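What follows is the content of work_6.txt, which has compact mmCIF, C-alpha atoms:
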```txt
# COMPACT_ATOMS: atom_id res chain seq x y z
CA MET A 1 93.18 98.77 136.49
CA MET A 2 96.86 98.00 137.13
CA GLY A 3 96.23 94.35 136.33
CA GLY A 4 94.60 95.31 133.04
CA MET A 5 97.52 97.54 132.12
CA LYS A 6 99.97 94.77 133.01
CA LYS A 7 98.06 92.36 130.81
CA LEU A 8 98.03 94.87 127.95
CA LEU A 9 101.79 95.47 128.25
CA GLY A 10 102.48 91.75 128.44
CA ARG A 11 100.45 91.04 125.32
CA SER A 12 102.02 93.96 123.46
CA LEU A 13 105.46 92.63 124.36
CA VAL A 14 104.57 89.13 123.14
CA ILE A 15 103.32 90.59 119.82
CA ALA A 16 106.50 92.67 119.42
CA LEU A 17 108.78 89.72 120.22
CA ALA A 18 106.85 87.43 117.86
CA GLY A 19 107.22 90.07 115.13
CA LEU A 20 110.92 90.37 115.85
CA ALA A 21 111.40 86.60 115.66
CA ALA A 22 109.45 86.36 112.39
CA ALA A 23 111.40 89.29 110.92
CA SER A 24 114.72 87.65 111.89
CA ALA A 25 113.69 84.39 110.26
CA VAL A 26 112.52 86.07 107.04
CA ASN A 27 115.67 88.19 106.86
CA ALA A 28 117.85 85.11 107.39
CA ILE A 29 116.32 83.16 104.51
CA SER A 30 115.55 86.03 102.12
CA PRO A 31 117.98 86.58 99.25
CA ARG A 32 117.49 90.31 99.91
CA GLY A 33 118.35 89.94 103.59
CA ILE A 34 120.69 92.51 105.11
CA PRO A 35 123.18 92.25 108.01
CA TRP A 36 121.78 93.35 111.38
CA VAL A 37 124.68 95.70 111.98
CA GLU A 38 126.21 97.82 109.25
CA ASP A 39 127.66 101.29 109.56
CA TRP A 40 125.80 103.34 106.97
CA ASP A 41 128.22 106.23 107.37
CA SER A 42 130.99 104.15 105.78
CA ARG A 43 128.92 101.56 103.96
CA ILE A 44 129.67 102.65 100.40
CA GLU A 45 133.37 103.21 101.17
CA SER A 46 133.62 99.67 102.59
CA ARG A 47 131.95 98.15 99.55
CA ALA A 48 134.08 100.24 97.18
CA ALA A 49 137.24 99.11 99.00
CA GLN A 50 136.13 95.48 98.65
CA GLU A 51 135.71 95.99 94.90
CA GLY A 52 138.96 97.85 94.47
CA VAL A 53 137.41 101.25 93.72
CA ALA A 54 139.31 104.22 95.18
CA THR A 55 137.29 106.71 97.24
CA LEU A 56 137.82 110.47 97.44
CA SER A 57 137.03 113.00 100.15
CA ARG A 58 135.20 116.26 99.46
CA GLU A 59 138.45 118.24 99.68
CA GLN A 60 140.07 115.97 97.10
CA VAL A 61 137.10 116.25 94.76
CA ALA A 62 137.02 120.05 95.17
CA ALA A 63 140.70 120.21 94.17
CA LEU A 64 140.06 117.97 91.14
CA VAL A 65 137.07 120.07 90.05
CA LYS A 66 139.21 123.19 90.29
CA ALA A 67 142.11 121.63 88.39
CA LYS A 68 139.72 120.18 85.74
CA THR A 69 141.85 117.07 85.47
CA HIS A 70 139.03 114.53 85.94
CA LEU A 71 135.78 113.77 84.20
CA ILE A 72 133.03 114.06 86.79
CA LEU A 73 130.03 111.76 86.24
CA ASP A 74 126.73 112.21 88.07
CA ALA A 75 124.83 108.91 88.50
CA ARG A 76 121.59 110.46 89.81
CA PRO A 77 118.33 110.75 87.82
CA THR A 78 118.27 113.57 85.23
CA GLU A 79 115.81 115.71 87.24
CA ASP A 80 118.11 115.69 90.27
CA PHE A 81 121.08 116.54 88.06
CA GLU A 82 119.26 119.47 86.52
CA ALA A 83 118.24 120.75 89.94
CA GLY A 84 121.90 121.05 90.91
CA HIS A 85 125.23 119.26 90.31
CA LEU A 86 128.98 119.57 90.75
CA PRO A 87 130.63 122.09 88.36
CA SER A 88 131.37 120.62 84.90
CA ALA A 89 129.78 117.28 85.85
CA ILE A 90 128.12 115.17 83.14
CA SER A 91 124.85 113.35 83.76
CA LEU A 92 125.01 109.59 83.39
CA PRO A 93 121.94 108.27 85.26
CA THR A 94 122.28 104.59 86.02
CA LYS A 95 118.59 104.06 85.28
CA SER A 96 119.10 104.97 81.61
CA LEU A 97 122.70 103.86 81.25
CA GLU A 98 122.19 102.00 77.98
CA GLU A 99 120.70 105.06 76.26
CA VAL A 100 123.02 107.72 77.63
CA PHE A 101 126.35 105.89 77.89
CA PRO A 102 127.10 105.90 74.09
CA GLN A 103 126.94 109.74 74.16
CA VAL A 104 129.38 109.89 77.07
CA GLN A 105 131.59 107.11 75.76
CA ILE A 106 133.00 109.34 72.98
CA LEU A 107 134.60 111.51 75.70
CA LEU A 108 136.34 108.58 77.38
CA LYS A 109 139.62 106.79 76.89
CA PRO A 110 140.60 103.71 78.90
CA ASP A 111 142.91 105.78 81.11
CA THR A 112 140.67 108.86 81.49
CA PRO A 113 140.53 109.77 85.19
CA ILE A 114 136.87 109.60 86.22
CA VAL A 115 135.06 110.55 89.42
CA VAL A 116 131.54 109.23 90.02
CA TYR A 117 129.02 110.37 92.60
CA CYS A 118 125.31 110.16 93.47
CA SER A 119 123.03 111.80 96.03
CA GLY A 120 124.81 110.86 99.27
CA LYS A 121 126.15 108.16 101.52
CA GLN A 122 122.94 106.17 101.39
CA CYS A 123 122.85 105.80 97.58
CA ASP A 124 124.71 103.15 95.66
CA GLU A 125 124.18 104.31 92.07
CA SER A 126 127.71 105.75 91.99
CA LEU A 127 129.20 102.42 93.06
CA GLY A 128 127.08 100.66 90.44
CA LEU A 129 128.34 103.10 87.81
CA ALA A 130 131.97 102.64 88.93
CA ARG A 131 131.48 98.87 88.68
CA PHE A 132 130.02 99.27 85.18
CA LEU A 133 132.84 101.54 83.99
CA LYS A 134 135.50 99.18 85.32
CA GLY A 135 133.74 96.37 83.51
CA GLN A 136 133.93 98.43 80.31
CA GLY A 137 137.70 98.66 80.72
CA TYR A 138 138.10 102.11 82.28
CA ARG A 139 140.93 101.73 84.77
CA ASN A 140 141.02 105.07 86.56
CA VAL A 141 137.60 105.31 88.25
CA SER A 142 137.22 106.89 91.71
CA LEU A 143 134.17 107.30 93.90
CA TYR A 144 133.04 110.38 95.81
CA ALA A 145 131.03 108.57 98.49
CA GLY A 146 129.78 111.73 100.23
CA GLY A 147 127.95 112.59 97.03
CA PHE A 148 125.91 115.67 96.30
CA ALA A 149 124.51 115.93 99.85
CA ASP A 150 128.02 116.25 101.28
CA TRP A 151 129.00 118.73 98.54
CA ARG A 152 125.98 120.94 99.15
CA GLU A 153 126.37 120.76 102.92
CA ALA A 154 129.87 122.22 102.57
CA ARG A 155 128.39 125.05 100.45
CA GLU A 156 130.67 124.25 97.53
CA ALA A 157 129.85 125.73 94.10
CA VAL A 158 126.88 124.12 92.36
CA GLU A 159 125.77 124.33 88.74
CA VAL A 160 122.09 124.20 87.84
CA GLY A 161 120.45 123.01 84.60
CA PRO A 162 121.32 120.45 81.93
CA MET B 1 59.87 85.55 129.51
CA SER B 2 60.78 85.86 125.84
CA LEU B 3 63.90 85.43 123.77
CA VAL B 4 64.46 88.23 121.30
CA GLU B 5 67.27 88.43 118.75
CA GLN B 6 68.90 91.81 118.96
CA ASP B 7 71.93 92.63 116.85
CA ASP B 8 74.12 89.55 116.97
CA GLU B 9 73.01 88.45 120.42
CA THR B 10 69.92 86.98 121.97
CA VAL B 11 68.40 89.10 124.70
CA ILE B 12 66.20 87.59 127.39
CA LEU B 13 63.41 89.85 128.57
CA PRO B 14 60.90 89.47 131.38
CA GLN B 15 57.36 88.53 130.36
CA GLY B 16 55.48 91.42 128.82
CA GLU B 17 58.45 93.73 128.48
CA ALA B 18 59.14 95.16 125.07
CA PRO B 19 62.58 94.75 123.55
CA VAL B 20 64.93 97.60 124.45
CA ALA B 21 65.83 100.14 121.80
CA ARG B 22 68.60 99.18 119.40
CA SER B 23 71.23 101.22 121.16
CA ARG B 24 73.97 98.91 120.00
CA SER B 25 73.13 98.80 116.32
CA LEU B 26 74.27 100.80 113.34
CA PRO B 27 72.24 101.44 110.17
CA PHE B 28 71.79 98.58 107.68
CA ARG B 29 71.65 96.03 110.53
CA LEU B 30 75.41 96.33 111.11
CA SER B 31 76.30 95.64 114.73
CA TRP B 32 79.09 97.45 116.54
CA ARG B 33 80.96 94.17 116.75
CA GLN B 34 80.75 93.74 112.96
CA ALA B 35 81.87 97.34 112.49
CA GLU B 36 84.82 96.67 114.80
CA GLY B 37 85.73 93.56 112.81
CA GLY B 38 85.52 95.39 109.49
CA LEU B 39 87.64 98.25 110.76
CA ALA B 40 90.20 95.80 112.18
CA TRP B 41 90.53 94.03 108.82
CA ALA B 42 90.80 97.34 106.95
CA MET B 43 93.49 98.68 109.31
CA ALA B 44 95.35 95.37 109.20
CA GLY B 45 95.29 95.53 105.39
CA VAL B 46 96.79 99.01 105.40
CA PHE B 47 99.61 98.11 107.82
CA ILE B 48 100.33 94.71 106.23
CA SER B 49 100.68 96.30 102.78
CA ALA B 50 103.09 98.87 104.23
CA GLY B 51 105.04 96.19 106.13
CA VAL B 52 105.31 93.76 103.23
CA THR B 53 106.76 96.48 100.98
CA LYS B 54 109.51 97.05 103.56
CA VAL B 55 110.18 93.35 104.13
CA LEU B 56 110.56 92.82 100.38
CA SER B 57 113.03 95.73 100.08
CA PRO B 58 114.98 95.92 103.35
CA GLU B 59 117.92 97.79 101.88
CA PRO B 60 115.93 100.69 100.35
CA PHE B 61 113.96 100.88 103.62
CA ALA B 62 117.23 101.03 105.58
CA ALA B 63 118.34 103.85 103.24
CA ALA B 64 115.07 105.67 103.99
CA ILE B 65 115.68 105.29 107.75
CA TYR B 66 119.28 106.46 107.38
CA ASN B 67 118.10 109.57 105.55
CA TYR B 68 116.14 110.68 108.62
CA GLN B 69 119.49 111.06 110.46
CA ILE B 70 117.93 110.10 113.80
CA LEU B 71 119.33 106.67 114.65
CA PRO B 72 123.03 105.93 114.98
CA ALA B 73 124.19 104.74 111.52
CA ALA B 74 125.06 101.27 112.84
CA TRP B 75 121.49 100.67 114.09
CA THR B 76 119.87 101.46 110.75
CA ASN B 77 119.67 97.88 109.48
CA ALA B 78 118.37 96.51 112.80
CA ALA B 79 115.51 99.02 112.71
CA ALA B 80 114.83 98.22 109.04
CA ILE B 81 114.54 94.51 109.83
CA ALA B 82 112.62 94.74 113.11
CA MET B 83 109.99 97.41 112.46
CA PRO B 84 108.18 95.81 109.47
CA GLY B 85 108.14 92.44 111.30
CA ILE B 86 106.46 93.96 114.33
CA GLU B 87 104.11 95.96 112.07
CA ILE B 88 102.96 92.83 110.21
CA MET B 89 102.67 90.66 113.34
CA ALA B 90 100.58 93.30 115.13
CA SER B 91 98.37 93.61 112.04
CA LEU B 92 97.80 89.86 111.97
CA PHE B 93 96.79 89.86 115.64
CA LEU B 94 94.56 92.88 114.93
CA ALA B 95 92.65 91.05 112.20
CA LEU B 96 92.69 87.47 113.39
CA TYR B 97 92.69 87.37 117.19
CA ARG B 98 90.01 89.54 118.74
CA PRO B 99 90.94 89.01 122.41
CA TRP B 100 94.35 90.62 121.74
CA ARG B 101 93.07 93.33 119.40
CA THR B 102 93.56 96.10 121.94
CA ALA B 103 97.19 95.06 122.51
CA ALA B 104 97.83 94.78 118.74
CA GLY B 105 96.24 98.20 118.18
CA SER B 106 98.41 99.66 120.94
CA VAL B 107 101.57 98.25 119.33
CA LEU B 108 100.57 99.80 115.99
CA LEU B 109 99.79 103.10 117.72
CA VAL B 110 103.27 103.14 119.27
CA LEU B 111 104.86 102.42 115.86
CA LEU B 112 102.73 105.13 114.26
CA ALA B 113 103.80 107.59 116.99
CA ILE B 114 107.48 106.77 116.31
CA PHE B 115 107.04 107.22 112.53
CA THR B 116 105.16 110.49 113.03
CA ALA B 117 107.76 111.86 115.45
CA ALA B 118 110.49 111.03 112.90
CA LEU B 119 108.49 112.76 110.14
CA LEU B 120 107.97 115.87 112.27
CA TRP B 121 111.67 115.97 113.11
CA ALA B 122 112.62 115.64 109.43
CA ILE B 123 110.16 118.36 108.36
CA HIS B 124 111.40 120.62 111.17
CA ARG B 125 114.97 120.17 109.92
CA GLY B 126 113.94 120.80 106.31
CA LEU B 127 115.13 117.40 105.09
CA ASN B 128 114.22 116.73 101.48
CA ILE B 129 113.71 112.97 101.75
CA SER B 130 111.07 110.39 100.91
CA CYS B 131 108.88 109.03 103.69
CA GLY B 132 109.64 105.31 103.35
CA CYS B 133 106.17 104.67 104.78
CA PHE B 134 104.27 102.86 102.04
CA SER B 135 106.94 102.82 99.33
CA THR B 136 110.68 102.34 99.63
CA SER B 137 111.33 103.57 96.08
CA ALA B 138 113.86 106.39 95.77
CA ASP B 139 111.36 108.04 93.38
CA ALA B 140 108.64 108.22 96.05
CA ALA B 141 107.31 111.68 96.85
CA ASN B 142 109.17 113.68 99.48
CA ILE B 143 107.80 114.09 102.99
CA SER B 144 105.19 116.75 103.62
CA TRP B 145 102.43 117.67 106.05
CA TRP B 146 100.22 115.30 104.08
CA ASN B 147 102.16 112.39 105.66
CA ILE B 148 101.47 113.80 109.12
CA ALA B 149 97.76 114.20 108.33
CA ARG B 150 97.58 110.63 107.01
CA ASN B 151 99.26 109.26 110.14
CA ALA B 152 96.91 111.30 112.34
CA GLY B 153 93.95 109.78 110.46
CA LEU B 154 95.32 106.27 110.87
CA ALA B 155 95.96 106.89 114.58
CA ALA B 156 92.38 108.16 115.04
CA LEU B 157 90.99 105.02 113.37
CA LEU B 158 93.22 102.79 115.51
CA MET B 159 92.07 104.57 118.66
CA LEU B 160 88.46 104.10 117.57
CA LEU B 161 89.15 100.42 117.02
CA VAL B 162 90.76 100.02 120.46
CA TYR B 163 87.78 101.85 122.00
CA LEU B 164 85.26 99.63 120.20
CA ASN B 165 87.18 96.50 121.16
CA ARG B 166 87.30 97.45 124.82
CA ARG B 167 83.66 98.53 124.81
CA GLU B 168 82.41 95.37 123.15
CA SER B 169 84.68 93.09 125.21
CA GLY B 170 83.21 94.57 128.37
CA ARG B 171 79.71 93.53 127.32
CA CYS B 172 78.03 90.19 127.74
CA PRO B 173 74.65 88.86 126.70
CA ALA B 174 71.75 89.71 128.97
CA ARG B 175 70.50 87.65 131.86
CA PRO B 176 66.84 87.49 132.68
CA GLY B 177 65.69 90.95 133.56
CA THR B 178 68.79 92.76 132.34
CA ARG B 179 69.78 94.41 129.09
CA ALA B 180 72.61 93.21 126.92
CA GLY B 181 75.55 95.44 127.53
CA SER B 182 74.96 96.31 131.17
CA CYS B 183 77.48 93.80 132.28
CA PRO B 184 78.19 92.67 135.78
CA PRO B 185 80.94 90.02 135.84
CA CYS B 186 79.42 87.24 133.79
CA SER B 187 79.94 83.54 134.20
CA LEU B 188 80.21 80.90 131.52
CA ALA B 189 76.69 79.73 132.33
CA SER B 190 75.23 83.10 131.36
CA SER B 191 77.57 83.67 128.41
CA GLY B 192 76.33 83.84 124.86
CA PHE B 193 77.08 80.16 124.21
CA GLN B 194 73.90 78.72 125.69
CA GLU B 195 71.74 81.56 124.49
CA ARG B 196 72.96 81.32 120.90
CA ARG B 197 71.88 77.69 120.89
CA LEU B 198 68.39 78.88 121.76
CA SER B 199 68.36 81.82 119.42
CA HIS B 200 65.93 80.11 117.04
CA VAL B 201 63.30 79.89 119.78
CA ARG B 202 60.64 82.56 119.42
CA HIS B 203 57.55 83.38 121.39
```
Can the structure in the file be given as structure tokens, please?
Amino acid sequence: MMGGMKKLLGRSLVIALAGLAAASAVNAISPRGIPWVEDWDSRIESRAAQEGVATLSREQVAALVKAKTHLILDARPTEDFEAGHLPSAISLPTKSLEEVFPQVQILLKPDTPIVVYCSGKQCDESLGLARFLKGQGYRNVSLYAGGFADWREAREAVEVGP
Amino acid sequence: MSLVEQDDETVILPQGEAPVARSRSLPFRLSWRQAEGGLAWAMAGVFISAGVTKVLSPEPFAAAIYNYQILPAAWTNAAAIAMPGIEIMASLFLALYRPWRTAAGSVLLVLLAIFTAALLWAIHRGLNISCGCFSTSADAANISWWNIARNAGLAALLMLLVYLNRRESGRCPARPGTRAGSCPPCSLASSGFQERRLSHVRH
């Protein structure tokens, strides 16, 4: 009985280690491979810093929303935006950027201060949008990495609808 | 003494004794061993399809794991790399290497238990996130009790497979005067090898 259990555990361990080795090899050669260790809590901030995009805390964004000095752009899908978004934010979903951007573009000047955000720390649509805007020549783009999840968690004011 | 083909094995019976009832057969002449093989391939297909999706999109899968808020943030990628690899390897053993099928099934059961515990935790906390189980797309449906029910179904099938594998592995072809399945420790001489060679012999 004990011998059988030992054998079962040994075999299970061999299978798990073989899977681990195969996964390491595939990850090492795959163009989509990811680093083994990466802090997801600060992942987007780190990437933004590497690309020269400024990041803002929730308190900073709350002050900017109140002062109405910045254009707030929401990079999430339209349905998520309509379910709830930061006050006075404008929807610019990255999935339909080509269709929607011309409508937003008329509100922008090269030095318009812009804040972009998406659903939370795990999403990178906001960083993609910041990258796109910088590529279009907009110089003053900042990123709210905490995103809507962080905003809602702090029970800040939320607007619903289009 | 007569040689009688029963299911996928040849059974040797004493002279004059009728073949024993087909206790080991399923309808449509499907043996338990064939049923076990079919189930193993089906289960392997399910887990390989889930694993390949994750291997092809490690970053979205890591995001799905991060959303559960269970692991320390720095371990997220390691889990996203390791788990699909183990899932696929165990599935391959499940389908292709029968002697280790019980071990492979046990590994998959452990993985399934981890996924289900994470799902229950997320539902308990009211997290509005996608499962990351069979699709890593951000548009995938959010977690629900359906995911728990599906995992319970998969776990039940895996347990059935492990049971069948252990049951069938414990059996050996009959010796003169015994029934297939009632298996004292069997030697190579009385294993199915010699008897299969004679399986065309009829009396």
- If you measure from atom CA of A:Met5 to atom CA of B:Ser169, what distance in Å do you get, rounded to one decimal? 15.2 Å
- Pull out every residue of chain B sitting within 9 Å of chain A, counting all atoms listed in the file, and send them as a count of residues only. 38
- Query: If we count only C-alpha atoms, what is near B:Leu157 at a cut-off of 12 Å, once residues fewer than 6 positions away on the same chain are taken out, given as a list in words?
  - Reply: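 Counting only C-alpha atoms, the residues come to Ala35, Glu36, Gly38, Leu39, Ala40, Trp41, Ala42, Met43, Ala44, Val46, Gly105, Ser106, Leu108, Leu109, Leu112, Arg150, Asn151, Tyr163 and Leu164 of chain B.
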Export C-alpha atoms of the chosen residues as an mmCIF file, in the coordinates of the input?
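And here's again18.cif as it stands now:
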```cif
data_model
loop_
_atom_site.group_PDB
_atom_site.id
_atom_site.type_symbol
_atom_site.label_atom_id
_atom_site.label_comp_id
_atom_site.auth_asym_id
_atom_site.auth_seq_id
_atom_site.Cartn_x
_atom_site.Cartn_y
_atom_site.Cartn_z
ATOM 1 C CA ALA B 35 81.870 97.340 112.490
ATOM 2 C CA GLU B 36 84.820 96.670 114.800
ATOM 3 C CA GLY B 38 85.520 95.390 109.490
ATOM 4 C CA LEU B 39 87.640 98.250 110.760
ATOM 5 C CA ALA B 40 90.200 95.800 112.180
ATOM 6 C CA TRP B 41 90.530 94.030 108.820
ATOM 7 C CA ALA B 42 90.800 97.340 106.950
ATOM 8 C CA MET B 43 93.490 98.680 109.310
ATOM 9 C CA ALA B 44 95.350 95.370 109.200
ATOM 10 C CA VAL B 46 96.790 99.010 105.400
ATOM 11 C CA GLY B 105 96.240 98.200 118.180
ATOM 12 C CA SER B 106 98.410 99.660 120.940
ATOM 13 C CA LEU B 108 100.570 99.800 115.990
ATOM 14 C CA LEU B 109 99.790 103.100 117.720
ATOM 15 C CA LEU B 112 102.730 105.130 114.260
ATOM 16 C CA ARG B 150 97.580 110.630 107.010
ATOM 17 C CA ASN B 151 99.260 109.260 110.140
ATOM 18 C CA TYR B 163 87.780 101.850 122.000
ATOM 19 C CA LEU B 164 85.260 99.630 120.200
#
```
- For the atom pair atom CA of B:Leu158 and atom CA of B:Val110, what is the interatomic distance in Å to one decimal place?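 A separation of 10.7 Å between them.
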- Query: Hey, what's within 10 Å of B:Ser130 if we count all atoms listed in the file and toss same-chain stuff fewer than 3 positions away? As JSON, numbers by chain, please?
  - Reply: {"B": [64, 65, 67, 68, 119, 127, 133, 135, 136, 137, 138, 139, 140, 141, 142, 143, 144]}
Written selection (C-alpha atoms) as an mmCIF file, keeping the file's coordinate frame:
```cif
data_model
loop_
_atom_site.group_PDB
_atom_site.id
_atom_site.type_symbol
_atom_site.label_atom_id
_atom_site.label_comp_id
_atom_site.auth_asym_id
_atom_site.auth_seq_id
_atom_site.Cartn_x
_atom_site.Cartn_y
_atom_site.Cartn_z
ATOM 1 C CA ALA B 64 115.070 105.670 103.990
ATOM 2 C CA ILE B 65 115.680 105.290 107.750
ATOM 3 C CA ASN B 67 118.100 109.570 105.550
ATOM 4 C CA TYR B 68 116.140 110.680 108.620
ATOM 5 C CA LEU B 119 108.490 112.760 110.140
ATOM 6 C CA LEU B 127 115.130 117.400 105.090
ATOM 7 C CA CYS B 133 106.170 104.670 104.780
ATOM 8 C CA SER B 135 106.940 102.820 99.330
ATOM 9 C CA THR B 136 110.680 102.340 99.630
ATOM 10 C CA SER B 137 111.330 103.570 96.080
ATOM 11 C CA ALA B 138 113.860 106.390 95.770
ATOM 12 C CA ASP B 139 111.360 108.040 93.380
ATOM 13 C CA ALA B 140 108.640 108.220 96.050
ATOM 14 C CA ALA B 141 107.310 111.680 96.850
ATOM 15 C CA ASN B 142 109.170 113.680 99.480
ATOM 16 C CA ILE B 143 107.800 114.090 102.990
ATOM 17 C CA SER B 144 105.190 116.750 103.620
#
```
- For the atom pair atom CA of A:Arg131 and atom CA of A:Asp74, what is the interatomic distance in Å to one decimal place? 14.2 Å
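If you measure from each of A:Gln60, A:Gln50, A:Ser91, A:Gln136 to A:Gln103 using all atoms listed in the file, the closest one turns out to be A:Ser91.
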- Message: Here is a test: counting only C-alpha atoms, which residue of B:Ile129, B:Ala117, B:Leu92, B:Leu30 is nearest to B:Gly45?
- Response: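 Among the listed residues, the smallest separation from B:Gly45 belongs to B:Leu92.
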- Task: For A:Pro102, list every protein, DNA or RNA residue within 12 Å, evaluated using only C-alpha atoms, and leave out those in the same chain fewer than 5 positions away; present the list as a ChimeraX atom specification.
- Result: /A:92,96-97,107-108,136
- Task: Show which residues sit within 10 Å of A:Glu156, as JSON, numbers by chain. Count all atoms listed in the file, and ignore same-chain residues fewer than 2 positions away.
- Result: {"A": [58, 62, 86, 87, 148, 150, 151, 152, 153, 154, 158]}
- Query: Which residue out of B:Trp145, B:Thr116, B:Glu168, B:Asn128 has the minimum interatomic distance to A:Ser119 when all atoms listed in the file are used?
  - Reply: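 When distances to A:Ser119 are compared using all atoms listed in the file, the smallest one comes from B:Asn128.
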Would you list the contacts of A:Val53 as a PDB file with C-alpha atoms, in the frame of the given file, taking every protein, DNA or RNA residue within 10 Å and counting all atoms listed in the file, but skipping same-chain residues closer than 2 positions in sequence?
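The resulting file, selection18.pdb, is shown below:
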```pdb
ATOM      1  CA  GLU A  45     133.370 103.210 101.170  1.00  0.00           C
ATOM      2  CA  SER A  46     133.620  99.670 102.590  1.00  0.00           C
ATOM      3  CA  ARG A  47     131.950  98.150  99.550  1.00  0.00           C
ATOM      4  CA  ALA A  48     134.080 100.240  97.180  1.00  0.00           C
ATOM      5  CA  ALA A  49     137.240  99.110  99.000  1.00  0.00           C
ATOM      6  CA  GLN A  50     136.130  95.480  98.650  1.00  0.00           C
ATOM      7  CA  GLU A  51     135.710  95.990  94.900  1.00  0.00           C
ATOM      8  CA  THR A  55     137.290 106.710  97.240  1.00  0.00           C
ATOM      9  CA  LEU A  56     137.820 110.470  97.440  1.00  0.00           C
ATOM     10  CA  LEU A 127     129.200 102.420  93.060  1.00  0.00           C
ATOM     11  CA  ALA A 130     131.970 102.640  88.930  1.00  0.00           C
ATOM     12  CA  ARG A 131     131.480  98.870  88.680  1.00  0.00           C
ATOM     13  CA  LYS A 134     135.500  99.180  85.320  1.00  0.00           C
ATOM     14  CA  ARG A 139     140.930 101.730  84.770  1.00  0.00           C
ATOM     15  CA  ASN A 140     141.020 105.070  86.560  1.00  0.00           C
ATOM     16  CA  VAL A 141     137.600 105.310  88.250  1.00  0.00           C
ATOM     17  CA  SER A 142     137.220 106.890  91.710  1.00  0.00           C
ATOM     18  CA  LEU A 143     134.170 107.300  93.900  1.00  0.00           C
TER      19      LEU A 143
END
```
Is it possible to get the axis-aligned box enclosing stretch 86-94 of chain B (all listed atoms, 5 Å extra per side) as lines of an AutoDock Vina configuration file, with centre and edge lengths in Å rounded to one decimal?
```
center_x = 100.5
center_y = 92.9
center_z = 112.9
size_x = 21.9
size_y = 16.1
size_z = 15.4
```
